[in-house]
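Input: a single structure, listed below in structure tokens.
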Amino acid sequence: MSRQDLADAVGVNYQTIGYLERGDYNPSLGLAFQIAAQFGLPIEAIFSPEPFAPMSAELYSDRSRQPRLEGVR
Amino acid sequence: MLYNYNVKMLHEDVSVMTSTRATAPDLELPRRVRRPLAVVAIIGYPAAVFFWTLAQSWLGLPPAVGGIAGLALILVSLFAMWRVYEFRSRLAQAPDAQLDERQVQVRDRAYLDSYRIFVAITLVALALAGIIPDLIDRPLALTYDVVNWFVMGGILISLALPSAVVAWREPDLAD
């Protein structure tokens, strides 16, 4: 999906998608819901008042929660 | 402040991201160029009037030099006004129907700031019109020319201000 495709889908200028990506613009609640619906995700998966943790951090923290394999010391 | 970098991650993940519709790239200027242009668009005309009216009596310049400098400033100022007017497809002049929510916000804030700047410029101009004649010991006669300069300045600056504010404030288009 291009920036233009997403812009067309939610009815904004493609430059506004760029501003959203860079964090230069906070969308209205309506636009935030439209974008969330476009990706089929809850709104809090896309927008957050706190910085998102890096994906690697989340991945390693999940691994640390996995049960250890038997026989591995 | 909302953190929303996931928007980029999400639609980049779906496929290759490309900007399919550039907005008049030949007219897009980087902010380091736009900001001086915005300043020139606003102060160019007052500077020209200064040269026409005071360059001879105050700075002692020959009339031809003051006239040519004033005319050059007017032309540069008109060029700067045109460039900031055309910025981002005339965003500052566009009606709501042609803009999205962010652009409406940018335009409306530009008009509010333009009003504040216009009031400040008017007060400074009136103060200078009161102070400078005393400094050079020549009363300011309200002739047709003087009134015309003020009226023309008011019209030009009020028309150019919203575009100049937008051109000054908008970040560059990244990537």
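Here, A, B, ... name the chains of the structure tokens in the order displayed, residue numbers run from 1 inside each chain, and ligands are numbered from 1 in the same displayed order.
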Inset, instruction - Could you please select, counting only C-alpha atoms, the residues of chain A within 7 Å of chain B and state them as a PyMOL selection string? - result: chain A and resi 1-4+12-13+16+20-23+26+46-51
Legend entry - All alpha helix (DSSP H) positions in stretch 36-169 of chain B, as JSON, numbers by chain: {"B": [36, 37, 38, 39, 40, 41, 42, 43, 44, 45, 46, 47, 48, 49, 50, 51, 52, 53, 54, 63, 64, 65, 66, 67, 68, 69, 70, 71, 72, 73, 74, 75, 76, 77, 78, 79, 80, 81, 82, 83, 84, 85, 86, 87, 88, 89, 90, 101, 102, 103, 104, 105, 106, 107, 108, 109, 110, 111, 112, 113, 114, 115, 116, 117, 118, 119, 120, 121, 122, 123, 124, 125, 126, 127, 128, 129, 130, 131, 132, 133, 134, 135, 144, 145, 146, 147, 148, 149, 150, 151, 152, 153, 154, 155, 156, 157, 158, 159, 160, 161, 162, 163, 164, 165, 166, 167, 168, 169]}
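Straight-line separation from atom CA of B:Gly66 to atom CA of B:Ala120: 26.3 Å.
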Inset, instruction - Go through A:Leu29, A:Gly40, A:Tyr60, A:Ile35 and flag the residue nearest A:Gly11, using only C-alpha atoms for the distances. - result: A:Ile35
Inset, instruction - Excluding A:Phe33 and residues on its chain fewer than 3 positions from it, collect all residues at most 10 Å away from it, counting only C-alpha atoms, and give them as a list in words. - result: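 Counting only C-alpha atoms, the residues come to Val10, Pro27, Ser28, Leu29, Gly30, Ala36, Ala37, Gln38, Leu41, Pro42, Ile43, Glu44, Ile46 and Phe47 of chain A.
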Inset, instruction - Enter the distance from atom CA of B:Ala48 to atom CA of B:Leu78, in Å, rounded to one decimal. - result: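 These two atoms are separated by 11.5 Å.
Neighbouring residues of B:Val49 at 9 Å or closer, counting only C-alpha atoms and skipping chain neighbours under 4 positions away, are Gly44, Tyr45, Thr53, Leu54, Gly70, Ile74, Trp149 and Gly153 of chain B.
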Legend entry - Residues near B:Leu140, cut-off 10 Å, only C-alpha atoms, skip fewer than 4 positions along chain, as a list of chain:residue names: B:Ala129, B:Gly130, B:Ile131, B:Ile132, B:Pro133, B:Asp134, B:Val146
